[in-house]
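Undergrad: This is target20.cif (mmCIF, C-alpha atoms and all ligand atoms).
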data_target
#
loop_
_atom_site.group_PDB
_atom_site.id
_atom_site.type_symbol
_atom_site.label_atom_id
_atom_site.label_comp_id
_atom_site.auth_asym_id
_atom_site.auth_seq_id
_atom_site.Cartn_x
_atom_site.Cartn_y
_atom_site.Cartn_z
ATOM 1 C CA MET A 5 5.893 -9.203 1.588
ATOM 2 C CA ARG A 6 7.960 -6.658 3.464
ATOM 3 C CA VAL A 7 7.462 -2.891 3.660
ATOM 4 C CA ARG A 8 10.016 -0.351 4.889
ATOM 5 C CA LEU A 9 9.941 3.427 5.136
ATOM 6 C CA LEU A 10 12.712 4.785 2.883
ATOM 7 C CA ASP A 11 12.261 8.494 3.506
ATOM 8 C CA ALA A 12 9.613 10.923 4.688
ATOM 9 C CA THR A 13 8.944 14.595 5.357
ATOM 10 C CA GLU A 14 10.196 15.545 8.813
ATOM 11 C CA ASN A 15 7.579 16.997 11.177
ATOM 12 C CA PRO A 16 4.772 16.172 8.738
ATOM 13 C CA GLU A 17 1.993 17.182 11.098
ATOM 14 C CA GLU A 18 3.574 20.596 11.726
ATOM 15 C CA LEU A 19 3.512 21.048 7.958
ATOM 16 C CA ILE A 20 -0.144 19.946 7.755
ATOM 17 C CA CYS A 21 -1.064 22.395 10.521
ATOM 18 C CA ARG A 22 0.898 25.274 8.984
ATOM 19 C CA GLY A 23 -0.798 24.661 5.655
ATOM 20 C CA ALA A 24 -4.249 24.599 7.248
ATOM 21 C CA ARG A 25 -3.681 27.609 9.493
ATOM 22 C CA ASN A 26 -2.500 29.609 6.455
ATOM 23 C CA ASP A 27 -6.105 29.600 5.270
ATOM 24 C CA TYR A 28 -7.407 31.379 8.387
ATOM 25 C CA MET A 29 -4.587 33.811 9.342
ATOM 26 C CA SER A 30 -3.997 37.387 8.256
ATOM 27 C CA GLU A 31 -0.273 36.962 9.093
ATOM 28 C CA TRP A 32 2.040 35.073 6.744
ATOM 29 C CA VAL A 33 2.830 31.538 8.012
ATOM 30 C CA GLY A 34 6.206 31.818 6.286
ATOM 31 C CA ASP A 35 7.731 33.915 9.034
ATOM 32 C CA GLN A 36 5.635 32.955 12.099
ATOM 33 C CA PRO A 37 6.975 30.699 14.870
ATOM 34 C CA PHE A 38 4.895 27.507 15.003
ATOM 35 C CA ASP A 39 3.533 28.339 18.509
ATOM 36 C CA ASP A 40 2.138 31.605 17.133
ATOM 37 C CA VAL A 41 0.638 29.864 14.115
ATOM 38 C CA MET A 42 -1.205 27.515 16.496
ATOM 39 C CA ALA A 43 -2.067 30.108 19.177
ATOM 40 C CA SER A 44 -5.804 30.234 18.463
ATOM 41 C CA VAL A 45 -6.247 26.427 18.392
ATOM 42 C CA GLU A 46 -7.620 24.840 21.571
ATOM 43 C CA GLY A 47 -5.308 22.614 23.608
ATOM 44 C CA ASP A 48 -3.064 22.690 26.685
ATOM 45 C CA THR A 49 0.121 21.789 24.833
ATOM 46 C CA LEU A 50 1.307 22.276 21.271
ATOM 47 C CA ASP A 51 0.849 18.539 20.722
ATOM 48 C CA ASP A 52 -2.789 18.746 21.918
ATOM 49 C CA GLN A 53 -3.354 21.706 19.612
ATOM 50 C CA MET A 54 -1.996 19.754 16.663
ATOM 51 C CA ALA A 55 -4.168 16.745 17.516
ATOM 52 C CA ASN A 56 -7.244 18.963 17.812
ATOM 53 C CA LEU A 57 -6.622 20.825 14.565
ATOM 54 C CA ILE A 58 -5.964 17.593 12.657
ATOM 55 C CA ALA A 59 -9.154 16.036 14.047
ATOM 56 C CA GLN A 60 -11.133 19.148 13.041
ATOM 57 C CA LEU A 61 -9.739 19.090 9.515
ATOM 58 C CA LEU A 62 -10.524 15.414 9.041
ATOM 59 C CA THR A 63 -14.007 15.800 10.560
ATOM 60 C CA ARG A 64 -14.842 18.646 8.203
ATOM 61 C CA GLY A 65 -13.391 16.962 5.136
ATOM 62 C CA HIS A 66 -10.714 19.672 4.773
ATOM 63 C CA TYR A 67 -8.212 17.265 3.213
ATOM 64 C CA GLY A 68 -5.955 19.582 1.196
ATOM 65 C CA PRO A 69 -3.383 20.156 3.982
ATOM 66 C CA PHE A 70 -2.801 16.380 4.108
ATOM 67 C CA GLU A 71 -1.270 16.560 0.634
ATOM 68 C CA HIS A 72 1.809 18.571 1.730
ATOM 69 C CA PRO A 73 3.996 15.905 3.441
ATOM 70 C CA SER A 74 5.071 12.760 1.645
ATOM 71 C CA ALA A 75 6.547 9.374 2.527
ATOM 72 C CA THR A 76 8.449 6.930 0.351
ATOM 73 C CA PHE A 77 8.099 3.195 1.012
ATOM 74 C CA ALA A 78 10.061 0.210 -0.315
ATOM 75 C CA ILE A 79 7.908 -2.875 -0.885
ATOM 76 C CA GLU A 80 9.562 -6.253 -1.330
ATOM 77 C CA GLY A 81 7.929 -9.297 -2.863
ATOM 78 C CA ALA A 82 4.474 -8.103 -3.906
ATOM 79 C CA SER A 83 2.857 -10.099 -6.689
ATOM 80 C CA ARG A 84 2.433 -8.511 -10.111
ATOM 81 C CA SER A 85 -1.295 -8.822 -9.425
ATOM 82 C CA CYS A 86 -1.006 -6.707 -6.262
ATOM 83 C CA MET A 87 1.207 -4.224 -8.127
ATOM 84 C CA ALA A 88 -1.488 -3.803 -10.786
ATOM 85 C CA GLN A 89 -4.016 -2.960 -8.069
ATOM 86 C CA LEU A 90 -1.719 -0.509 -6.267
ATOM 87 C CA THR A 91 -0.632 1.321 -9.411
ATOM 88 C CA ARG A 92 -4.255 2.077 -10.321
ATOM 89 C CA HIS A 93 -4.035 4.835 -7.703
ATOM 90 C CA ARG A 94 -3.035 7.923 -9.619
ATOM 91 C CA HIS A 95 -1.992 10.192 -6.751
ATOM 92 C CA ALA A 96 1.114 8.184 -5.951
ATOM 93 C CA SER A 97 4.548 7.933 -7.612
ATOM 94 C CA PHE A 98 6.092 4.577 -8.404
ATOM 95 C CA ASP A 99 9.267 2.788 -9.343
ATOM 96 C CA VAL A 100 8.731 -0.851 -10.292
ATOM 97 C CA GLN A 101 11.441 -3.494 -10.646
ATOM 98 C CA SER A 102 11.974 -4.201 -14.329
ATOM 99 C CA MET A 103 11.545 -7.649 -15.851
ATOM 100 C CA ARG A 104 13.439 -6.404 -18.895
ATOM 101 C CA TYR A 105 16.626 -5.748 -16.956
ATOM 102 C CA VAL A 106 16.238 -8.203 -14.062
ATOM 103 C CA ALA A 107 16.191 -11.807 -15.297
ATOM 104 C CA PHE A 108 15.309 -14.593 -12.856
ATOM 105 C CA ASP A 109 17.853 -16.862 -14.525
ATOM 106 C CA ASP A 110 19.535 -17.976 -11.288
ATOM 107 C CA VAL A 111 16.361 -19.012 -9.431
ATOM 108 C CA ASP A 112 16.169 -22.756 -8.824
ATOM 109 C CA PRO A 113 12.679 -23.890 -9.971
ATOM 110 C CA ALA A 114 12.615 -26.238 -6.955
ATOM 111 C CA ASP A 115 12.750 -23.170 -4.670
ATOM 112 C CA VAL A 116 9.706 -21.719 -6.418
ATOM 113 C CA GLU A 117 7.675 -24.455 -4.712
ATOM 114 C CA ASP A 118 8.902 -23.104 -1.357
ATOM 115 C CA GLY A 119 7.560 -19.648 -2.066
ATOM 116 C CA GLU A 120 10.570 -18.162 -3.883
ATOM 117 C CA MET A 121 9.858 -15.779 -6.753
ATOM 118 C CA VAL A 122 6.100 -16.399 -6.948
ATOM 119 C CA VAL A 123 3.641 -15.402 -4.202
ATOM 120 C CA THR A 124 1.540 -18.330 -2.945
ATOM 121 C CA PRO A 125 -2.032 -17.320 -2.048
ATOM 122 C CA PRO A 126 -3.169 -18.687 1.335
ATOM 123 C CA SER A 127 -6.184 -20.316 -0.358
ATOM 124 C CA ALA A 128 -3.693 -22.701 -2.012
ATOM 125 C CA THR A 129 -2.384 -24.045 1.280
ATOM 126 C CA ASP A 130 -4.660 -23.190 4.208
ATOM 127 C CA PRO A 131 -7.977 -25.055 4.655
ATOM 128 C CA ASP A 132 -9.069 -22.512 7.285
ATOM 129 C CA TRP A 133 -8.406 -19.499 5.077
ATOM 130 C CA VAL A 134 -11.152 -16.868 5.224
ATOM 131 C CA GLY A 135 -11.440 -15.058 1.912
ATOM 132 C CA ARG A 136 -12.933 -11.802 0.650
ATOM 133 C CA ASN A 137 -16.014 -10.553 2.510
ATOM 134 C CA GLN A 138 -15.266 -13.185 5.170
ATOM 135 C CA ASP A 139 -16.282 -16.016 2.847
ATOM 136 C CA VAL A 140 -15.272 -19.308 4.439
ATOM 137 C CA GLY A 141 -14.655 -22.021 1.890
ATOM 138 C CA ASP A 142 -15.741 -25.534 2.825
ATOM 139 C CA VAL A 143 -12.390 -27.063 1.960
ATOM 140 C CA ASP A 144 -11.161 -30.435 3.170
ATOM 141 C CA GLU A 145 -7.512 -31.400 3.602
ATOM 142 C CA GLU A 146 -7.448 -33.522 0.444
ATOM 143 C CA THR A 147 -8.690 -30.645 -1.727
ATOM 144 C CA ILE A 148 -6.128 -28.284 -0.210
ATOM 145 C CA GLU A 149 -3.351 -30.775 -0.923
ATOM 146 C CA GLN A 150 -4.554 -30.990 -4.530
ATOM 147 C CA ARG A 151 -4.736 -27.198 -4.848
ATOM 148 C CA GLU A 152 -1.211 -26.829 -3.512
ATOM 149 C CA ALA A 153 0.137 -29.535 -5.827
ATOM 150 C CA VAL A 154 -1.475 -28.012 -8.933
ATOM 151 C CA PHE A 155 -0.353 -24.509 -7.955
ATOM 152 C CA GLN A 156 3.237 -25.605 -7.377
ATOM 153 C CA ARG A 157 3.339 -27.711 -10.539
ATOM 154 C CA SER A 158 2.100 -24.770 -12.587
ATOM 155 C CA VAL A 159 4.502 -22.131 -11.223
ATOM 156 C CA ARG A 160 7.457 -24.513 -11.387
ATOM 157 C CA GLN A 161 6.683 -25.324 -15.019
ATOM 158 C CA SER A 162 6.400 -21.607 -15.872
ATOM 159 C CA VAL A 163 9.759 -20.824 -14.308
ATOM 160 C CA GLU A 164 11.420 -23.783 -16.037
ATOM 161 C CA ASP A 165 9.964 -22.686 -19.387
ATOM 162 C CA TYR A 166 11.022 -19.083 -18.771
ATOM 163 C CA GLN A 167 14.593 -20.128 -18.020
ATOM 164 C CA GLU A 168 14.675 -22.425 -21.058
ATOM 165 C CA LEU A 169 13.594 -19.510 -23.251
ATOM 166 C CA LEU A 170 16.407 -17.381 -21.754
ATOM 167 C CA ASP A 171 18.860 -20.217 -22.503
ATOM 168 C CA LEU A 172 17.551 -20.208 -26.086
ATOM 169 C CA GLY A 173 18.524 -16.541 -26.300
ATOM 170 C CA MET A 174 15.088 -14.985 -25.924
ATOM 171 C CA PRO A 175 15.318 -11.506 -24.332
ATOM 172 C CA PRO A 176 14.017 -11.375 -20.714
ATOM 173 C CA GLU A 177 11.422 -8.772 -21.760
ATOM 174 C CA ASP A 178 9.808 -11.394 -24.033
ATOM 175 C CA ALA A 179 10.534 -14.585 -22.069
ATOM 176 C CA ARG A 180 8.690 -13.034 -19.064
ATOM 177 C CA PHE A 181 5.394 -13.459 -20.917
ATOM 178 C CA VAL A 182 5.197 -17.058 -19.672
ATOM 179 C CA LEU A 183 5.630 -16.120 -15.995
ATOM 180 C CA PRO A 184 2.590 -16.137 -13.692
ATOM 181 C CA ILE A 185 0.806 -13.014 -12.456
ATOM 182 C CA GLY A 186 1.917 -14.033 -8.958
ATOM 183 C CA THR A 187 5.588 -13.358 -9.855
ATOM 184 C CA GLU A 188 7.190 -11.173 -7.192
ATOM 185 C CA VAL A 189 8.179 -7.567 -7.798
ATOM 186 C CA ASN A 190 9.841 -4.885 -5.690
ATOM 187 C CA ILE A 191 8.211 -1.457 -5.705
ATOM 188 C CA VAL A 192 9.093 1.999 -4.411
ATOM 189 C CA VAL A 193 6.057 4.206 -3.842
ATOM 190 C CA THR A 194 5.693 7.785 -2.644
ATOM 191 C CA LEU A 195 2.411 8.868 -1.101
ATOM 192 C CA ASN A 196 0.978 11.761 0.833
ATOM 193 C CA PRO A 197 -1.267 11.146 3.869
ATOM 194 C CA ARG A 198 -4.417 12.030 1.925
ATOM 195 C CA SER A 199 -3.710 9.550 -0.839
ATOM 196 C CA LEU A 200 -2.738 6.886 1.708
ATOM 197 C CA MET A 201 -6.053 7.354 3.530
ATOM 198 C CA HIS A 202 -7.899 7.062 0.243
ATOM 199 C CA ILE A 203 -5.987 3.915 -0.733
ATOM 200 C CA ALA A 204 -6.719 2.479 2.716
ATOM 201 C CA ASP A 205 -10.427 3.306 2.299
ATOM 202 C CA MET A 206 -10.485 1.140 -0.798
ATOM 203 C CA ARG A 207 -7.812 -1.457 -0.142
ATOM 204 C CA ALA A 208 -8.117 -2.179 3.591
ATOM 205 C CA ALA A 209 -11.827 -2.890 3.108
ATOM 206 C CA ALA A 210 -13.253 -6.407 3.333
ATOM 207 C CA ASP A 211 -13.933 -6.569 -0.399
ATOM 208 C CA ALA A 212 -10.280 -5.951 -1.308
ATOM 209 C CA GLN A 213 -7.959 -8.887 -1.939
ATOM 210 C CA TRP A 214 -5.892 -10.281 0.987
ATOM 211 C CA GLU A 215 -2.527 -9.259 -0.449
ATOM 212 C CA ILE A 216 -3.241 -5.566 -1.022
ATOM 213 C CA ARG A 217 -5.061 -5.501 2.330
ATOM 214 C CA ASP A 218 -1.894 -6.804 3.984
ATOM 215 C CA LEU A 219 0.195 -4.227 2.104
ATOM 216 C CA THR A 220 -2.159 -1.397 3.087
ATOM 217 C CA GLU A 221 -2.164 -2.434 6.746
ATOM 218 C CA GLN A 222 1.643 -2.429 6.741
ATOM 219 C CA LEU A 223 1.677 1.057 5.170
ATOM 220 C CA LEU A 224 -0.822 2.250 7.805
ATOM 221 C CA ASP A 225 1.296 0.841 10.656
ATOM 222 C CA ILE A 226 4.308 2.807 9.426
ATOM 223 C CA ALA A 227 2.218 5.912 8.771
ATOM 224 C CA ALA A 228 0.887 5.733 12.352
ATOM 225 C CA GLU A 229 4.437 6.376 13.586
ATOM 226 C CA TRP A 230 5.158 9.014 10.978
ATOM 227 C CA CYS A 231 1.896 11.013 11.285
ATOM 228 C CA PRO A 232 0.515 9.801 14.644
ATOM 229 C CA HIS A 233 -2.422 12.187 15.151
ATOM 230 C CA THR A 234 -3.617 11.815 11.576
ATOM 231 C CA PHE A 235 -3.576 8.039 11.430
ATOM 232 C CA GLU A 236 -4.829 7.574 14.992
ATOM 233 C CA TYR A 237 -7.871 9.646 14.043
ATOM 234 C CA TYR A 238 -8.179 7.809 10.727
ATOM 235 C CA GLU A 239 -8.083 4.377 12.430
ATOM 236 C CA SER A 240 -10.520 5.283 15.191
ATOM 237 C CA GLU A 241 -13.016 7.519 13.386
ATOM 238 C CA MET A 242 -12.711 7.148 9.643
ATOM 239 C CA LYS A 243 -11.584 3.697 8.557
ATOM 240 C CA HIS A 244 -14.411 1.640 7.071
ATOM 241 C CA ARG A 245 -16.762 4.635 7.102
ATOM 242 C CA LYS A 246 -19.363 5.025 4.399
ATOM 243 C CA ASN A 247 -18.445 8.510 3.205
ATOM 244 C CA ARG A 248 -14.966 8.082 1.859
ATOM 245 C CA LEU A 249 -12.354 10.743 1.105
ATOM 246 C CA ALA A 250 -12.837 10.611 -2.639
ATOM 247 C CA PRO A 251 -16.114 8.886 -3.369
HETATM 248 C C1 LIG B 1 -12.506 -4.243 -4.343
HETATM 249 C C2 LIG B 1 -12.067 -3.599 -5.615
HETATM 250 C C3 LIG B 1 -12.321 -4.194 -6.819
HETATM 251 C C4 LIG B 1 -11.921 -3.584 -8.011
HETATM 252 N N1 LIG B 1 -12.172 -4.218 -9.195
HETATM 253 C C5 LIG B 1 -11.788 -3.653 -10.352
HETATM 254 C C6 LIG B 1 -12.022 -4.278 -11.621
HETATM 255 O O1 LIG B 1 -12.577 -5.362 -11.673
HETATM 256 N N2 LIG B 1 -11.591 -3.677 -12.748
HETATM 257 C C7 LIG B 1 -10.974 -2.436 -12.715
HETATM 258 O O2 LIG B 1 -10.627 -1.915 -13.787
HETATM 259 N N3 LIG B 1 -10.729 -1.825 -11.556
HETATM 260 C C8 LIG B 1 -11.105 -2.383 -10.376
HETATM 261 N N4 LIG B 1 -10.845 -1.755 -9.194
HETATM 262 C C9 LIG B 1 -10.088 -0.504 -9.236
HETATM 263 C C10 LIG B 1 -10.968 0.750 -9.010
HETATM 264 O O3 LIG B 1 -12.014 0.801 -9.949
HETATM 265 C C11 LIG B 1 -10.117 2.025 -9.131
HETATM 266 O O4 LIG B 1 -9.681 2.227 -10.445
HETATM 267 C C12 LIG B 1 -8.893 2.000 -8.249
HETATM 268 O O5 LIG B 1 -9.194 1.521 -6.978
HETATM 269 C C13 LIG B 1 -8.309 3.422 -8.160
HETATM 270 O O6 LIG B 1 -9.069 4.166 -7.229
HETATM 271 P P1 LIG B 1 -9.757 5.537 -7.585
HETATM 272 O O7 LIG B 1 -10.686 5.419 -8.736
HETATM 273 O O8 LIG B 1 -10.350 6.095 -6.326
HETATM 274 O O9 LIG B 1 -8.595 6.473 -8.134
HETATM 275 P P2 LIG B 1 -7.278 7.136 -7.529
HETATM 276 O O10 LIG B 1 -6.328 7.172 -8.648
HETATM 277 O O11 LIG B 1 -6.862 6.508 -6.250
HETATM 278 O O12 LIG B 1 -7.743 8.620 -7.321
HETATM 279 C C14 LIG B 1 -8.282 9.110 -6.102
HETATM 280 C C15 LIG B 1 -9.518 9.933 -6.383
HETATM 281 O O13 LIG B 1 -9.153 11.030 -7.219
HETATM 282 C C16 LIG B 1 -10.245 11.300 -8.102
HETATM 283 N N5 LIG B 1 -9.788 11.105 -9.483
HETATM 284 C C17 LIG B 1 -8.587 10.609 -9.890
HETATM 285 N N6 LIG B 1 -8.497 10.621 -11.226
HETATM 286 C C18 LIG B 1 -9.677 11.099 -11.685
HETATM 287 C C19 LIG B 1 -10.204 11.336 -12.969
HETATM 288 N N7 LIG B 1 -9.510 11.078 -14.087
HETATM 289 N N8 LIG B 1 -11.425 11.853 -13.076
HETATM 290 C C20 LIG B 1 -12.156 12.133 -11.983
HETATM 291 N N9 LIG B 1 -11.745 11.935 -10.707
HETATM 292 C C21 LIG B 1 -10.509 11.420 -10.572
HETATM 293 C C22 LIG B 1 -11.362 10.336 -7.758
HETATM 294 O O14 LIG B 1 -12.220 10.967 -6.824
HETATM 295 C C23 LIG B 1 -10.625 9.193 -7.111
HETATM 296 O O15 LIG B 1 -11.425 8.422 -6.224
HETATM 297 C C24 LIG B 1 -11.239 -2.341 -7.997
HETATM 298 C C25 LIG B 1 -10.987 -1.725 -6.758
HETATM 299 C C26 LIG B 1 -11.389 -2.335 -5.578
HETATM 300 C C27 LIG B 1 -11.078 -1.657 -4.275
#
As structure tokens, how would this structure be written, given the file I've shared?
TA:
Amino acid sequence: MRVRLLDATENPEELICRGARNDYMSEWVGDQPFDDVMASVEGDTLDDQMANLIAQLLTRGHYGPFEHPSATFAIEGASRSCMAQLTRHRHASFDVQSMRYVAFDDVDPADVEDGEMVVTPPSATDPDWVGRNQDVGDVDEETIEQREAVFQRSVRQSVEDYQELLDLGMPPEDARFVLPIGTEVNIVVTLNPRSLMHIADMRAAADAQWEIRDLTEQLLDIAAEWCPHTFEYYESEMKHRKNRLAP
């Protein structure tokens, strides 16, 4: 799976700070220079002041200002299973590749065995794979080879059947019913920092599935460059905490 930043609010942390300072100023933030808006916040430089204010907001649970900026990500090759988990989060906006209008009629079923079109879970191929909650399966090489063979046989058969149904004139929106839940999909998602932190609370945790954990970690890596003070504080002080943003 690949994740790229498509677009994002410029100077997101200035926006967060302006929003937050609005609550405690008699002047109107709409016509104040940013230095003046931040004048009463401790710190030697404007960057220190922003870091301090953001840390204070997150410590106090004052999360509203983190809803003002937004970032749009393009996700390539998530499974439909992972998509179902991600789209349960209601404070995000989505575009999902259509299986009505995109038909996988040119995919060679032999390539499906090499990881094309259907996501292969690591538990199908890796005897050392550590699963949810750090569960280590006692899996020998022979069992893994069997798992991989069954998995590949099943997805290849599904894709062959799907393509045969297309050849028989079945519309893609109906032929897709035989495809596995691991079928890949491309997604565009727009999130604000608050909703990303909440998703990370739930989906970067040990009890979340490996694929959405991987996706969430990739989103967090990008967010750390986009909103550095916010996600540095989140990673160091908040991730995996007991009291989550939206219990
Ligand atoms: C490990 C794991 C296993 C899961 N297993 C299952 C499962 O087996 N079956 C299943 O159906 N789901 C499952 N889920 C999904 C989970 O129950 C949530 O639906 C999903 O994670 C969305 O998160 P959320 O409820 O925080 O809502 P979000 O949409 O992310 O909303 C964020 C917050 O906004 C508030 N909020 C949003 N909408 C409402 C509302 N209508 N009313 C009140 N408050 C609201 C809540 O405080 C919520 O936490 C699982 C999730 C995880 C992480």
Undergrad: Report, in Å with one decimal, the straight-line distance from atom CA of Arg157 of chain A to atom CA of Glu117 of chain A.
TA: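 Taking atom CA of Arg157 of chain A as the start and atom CA of Glu117 of chain A as the end point, the length is 8.0 Å.
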Undergrad: Residues contacting ligand LIG 1 (chain B) - anything with an atom at most 10 Å away, using only C-alpha atoms and all ligand atoms - can you give me those as number ranges by chain?
TA: A: 88-96, 136-137, 198-213, 216-217, 248-251
Undergrad: Please return the centre and edge lengths, in Å to one decimal, of a box with edges along x, y and z that contains all listed atoms of segment 146-157 of chain A, widened by 6 Å on every side, as AutoDock Vina command-line options.
TA:
--center_x -2.7 --center_y -29.0 --center_z -5.0 --size_x 24.0 --size_y 21.0 --size_z 23.0
Undergrad: With distances taken over only C-alpha atoms, which residue among A:Tyr105, A:Trp230, A:Phe181, A:Tyr28 lies nearest Asp11 of chain A?
TA: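 Looking at the shortest contact to Asp11 of chain A, the residue is A:Trp230.
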Undergrad: Which one of A:Pro73, A:Pro125, A:Pro113, A:Pro37 sits closest to Glu17 of chain A if you count all atoms listed in the file?
TA: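 Once distances to Glu17 of chain A are computed over all atoms listed in the file, the minimum belongs to A:Pro73.
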Undergrad: With only C-alpha atoms as the basis for distance, which of A:His233, A:Arg160, A:Ile79, A:Arg180 is at the shortest distance from Val106 of chain A?
TA: A:Arg180
Undergrad: With all atoms listed in the file as the atoms that count, which of A:Val143, A:Met87, A:Val159, A:Leu57 lies nearest to Gln101 of chain A?
TA: A:Met87
Undergrad: Just so the selection is clear, what residues does the PyMOL selection byres (((chain A and resi 16) around 10) and not hetatm) cover here, as a PyMOL selection string?
TA: chain A and resi 12-15+17-22+70+72-75+196-197+230-232+234
Undergrad: As a check of understanding, name the residues that the PyMOL selection byres (((chain A and resi 185) around 10) and not hetatm) selects in the supplied structure, as an mmCIF file with C-alpha atoms, keeping the file's coordinate frame.
TA:
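Printed below is out-v8.cif as written:
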data_model
loop_
_atom_site.group_PDB
_atom_site.id
_atom_site.type_symbol
_atom_site.label_atom_id
_atom_site.label_comp_id
_atom_site.auth_asym_id
_atom_site.auth_seq_id
_atom_site.Cartn_x
_atom_site.Cartn_y
_atom_site.Cartn_z
ATOM 1 C CA SER A 83 2.857 -10.099 -6.689
ATOM 2 C CA ARG A 84 2.433 -8.511 -10.111
ATOM 3 C CA SER A 85 -1.295 -8.822 -9.425
ATOM 4 C CA CYS A 86 -1.006 -6.707 -6.262
ATOM 5 C CA MET A 87 1.207 -4.224 -8.127
ATOM 6 C CA ALA A 88 -1.488 -3.803 -10.786
ATOM 7 C CA VAL A 122 6.100 -16.399 -6.948
ATOM 8 C CA VAL A 123 3.641 -15.402 -4.202
ATOM 9 C CA VAL A 159 4.502 -22.131 -11.223
ATOM 10 C CA PHE A 181 5.394 -13.459 -20.917
ATOM 11 C CA VAL A 182 5.197 -17.058 -19.672
ATOM 12 C CA LEU A 183 5.630 -16.120 -15.995
ATOM 13 C CA PRO A 184 2.590 -16.137 -13.692
ATOM 14 C CA GLY A 186 1.917 -14.033 -8.958
ATOM 15 C CA THR A 187 5.588 -13.358 -9.855
ATOM 16 C CA GLU A 188 7.190 -11.173 -7.192
#
Undergrad: Using all atoms listed in the file, pick whichever of A:Val111, A:Ile226, A:Ile148, A:Ile191 has the shortest atom-to-atom distance to Ser127 of chain A.
TA: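 Checking each candidate against Ser127 of chain A, we get A:Ile148 as the closest.
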Undergrad: So what do you get for atom CA of Thr147 of chain A versus atom CA of Asp132 of chain A, distance-wise?
TA: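 We find that atom CA of Thr147 of chain A and atom CA of Asp132 of chain A lie 12.1 Å from each other.
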Undergrad: Grab the atom CA of Glu177 of chain A to atom CA of Asp112 of chain A distance for me, in Å with one decimal place.
TA: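 These atoms are spaced 19.6 Å apart.
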Undergrad: Which residue gives the smallest distance to Thr194 of chain A among A:Gln36, A:Asn26, A:Ser162, A:Ser97, with all atoms listed in the file counted?
TA: A:Ser97
Undergrad: Please identify all polymer residues within 10 Å of Tyr237 of chain A, counting all atoms listed in the file, omitting same-chain residues fewer than 3 positions from it, and present them as a list in words.
TA: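 Selected residues are Ala55, Ile58, Ala59, Leu62, Thr63, Ala228, Pro232, His233, Thr234, Ser240, Glu241, Met242 and Lys243 of chain A.
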Undergrad: Restore N, CA and C atoms in segment 98-109 of chain A and list the result as a PDB file, keeping the file's coordinate frame.
TA:
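This went into rebuild.pdb:
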ATOM      1  N   PHE A  98       5.605   5.957  -8.484  1.00  0.00           N
ATOM      2  CA  PHE A  98       6.092   4.577  -8.404  1.00  0.00           C
ATOM      3  C   PHE A  98       7.408   4.371  -9.132  1.00  0.00           C
ATOM      4  N   ASP A  99       8.203   3.460  -8.597  1.00  0.00           N
ATOM      5  CA  ASP A  99       9.267   2.788  -9.343  1.00  0.00           C
ATOM      6  C   ASP A  99       9.032   1.295  -9.189  1.00  0.00           C
ATOM      7  N   VAL A 100       9.056   0.572 -10.298  1.00  0.00           N
ATOM      8  CA  VAL A 100       8.731  -0.851 -10.292  1.00  0.00           C
ATOM      9  C   VAL A 100       9.908  -1.620 -10.888  1.00  0.00           C
ATOM     10  N   GLN A 101      10.327  -2.653 -10.181  1.00  0.00           N
ATOM     11  CA  GLN A 101      11.441  -3.494 -10.646  1.00  0.00           C
ATOM     12  C   GLN A 101      11.159  -4.008 -12.068  1.00  0.00           C
ATOM     13  N   SER A 102      12.157  -3.872 -12.908  1.00  0.00           N
ATOM     14  CA  SER A 102      11.974  -4.201 -14.329  1.00  0.00           C
ATOM     15  C   SER A 102      12.183  -5.686 -14.595  1.00  0.00           C
ATOM     16  N   MET A 103      11.323  -6.260 -15.402  1.00  0.00           N
ATOM     17  CA  MET A 103      11.545  -7.649 -15.851  1.00  0.00           C
ATOM     18  C   MET A 103      12.238  -7.658 -17.213  1.00  0.00           C
ATOM     19  N   ARG A 104      12.600  -6.460 -17.695  1.00  0.00           N
ATOM     20  CA  ARG A 104      13.439  -6.404 -18.895  1.00  0.00           C
ATOM     21  C   ARG A 104      14.899  -6.506 -18.480  1.00  0.00           C
ATOM     22  N   TYR A 105      15.221  -5.837 -17.347  1.00  0.00           N
ATOM     23  CA  TYR A 105      16.626  -5.748 -16.956  1.00  0.00           C
ATOM     24  C   TYR A 105      16.983  -6.707 -15.822  1.00  0.00           C
ATOM     25  N   VAL A 106      15.973  -7.221 -15.110  1.00  0.00           N
ATOM     26  CA  VAL A 106      16.238  -8.203 -14.062  1.00  0.00           C
ATOM     27  C   VAL A 106      15.704  -9.544 -14.565  1.00  0.00           C
ATOM     28  N   ALA A 107      16.606 -10.476 -14.822  1.00  0.00           N
ATOM     29  CA  ALA A 107      16.191 -11.807 -15.297  1.00  0.00           C
ATOM     30  C   ALA A 107      16.298 -12.779 -14.131  1.00  0.00           C
ATOM     31  N   PHE A 108      15.289 -13.614 -13.950  1.00  0.00           N
ATOM     32  CA  PHE A 108      15.309 -14.593 -12.856  1.00  0.00           C
ATOM     33  C   PHE A 108      15.990 -15.870 -13.352  1.00  0.00           C
ATOM     34  N   ASP A 109      17.198 -15.698 -13.912  1.00  0.00           N
ATOM     35  CA  ASP A 109      17.853 -16.862 -14.525  1.00  0.00           C
ATOM     36  C   ASP A 109      18.562 -17.734 -13.494  1.00  0.00           C
TER      37      ASP A 109
END
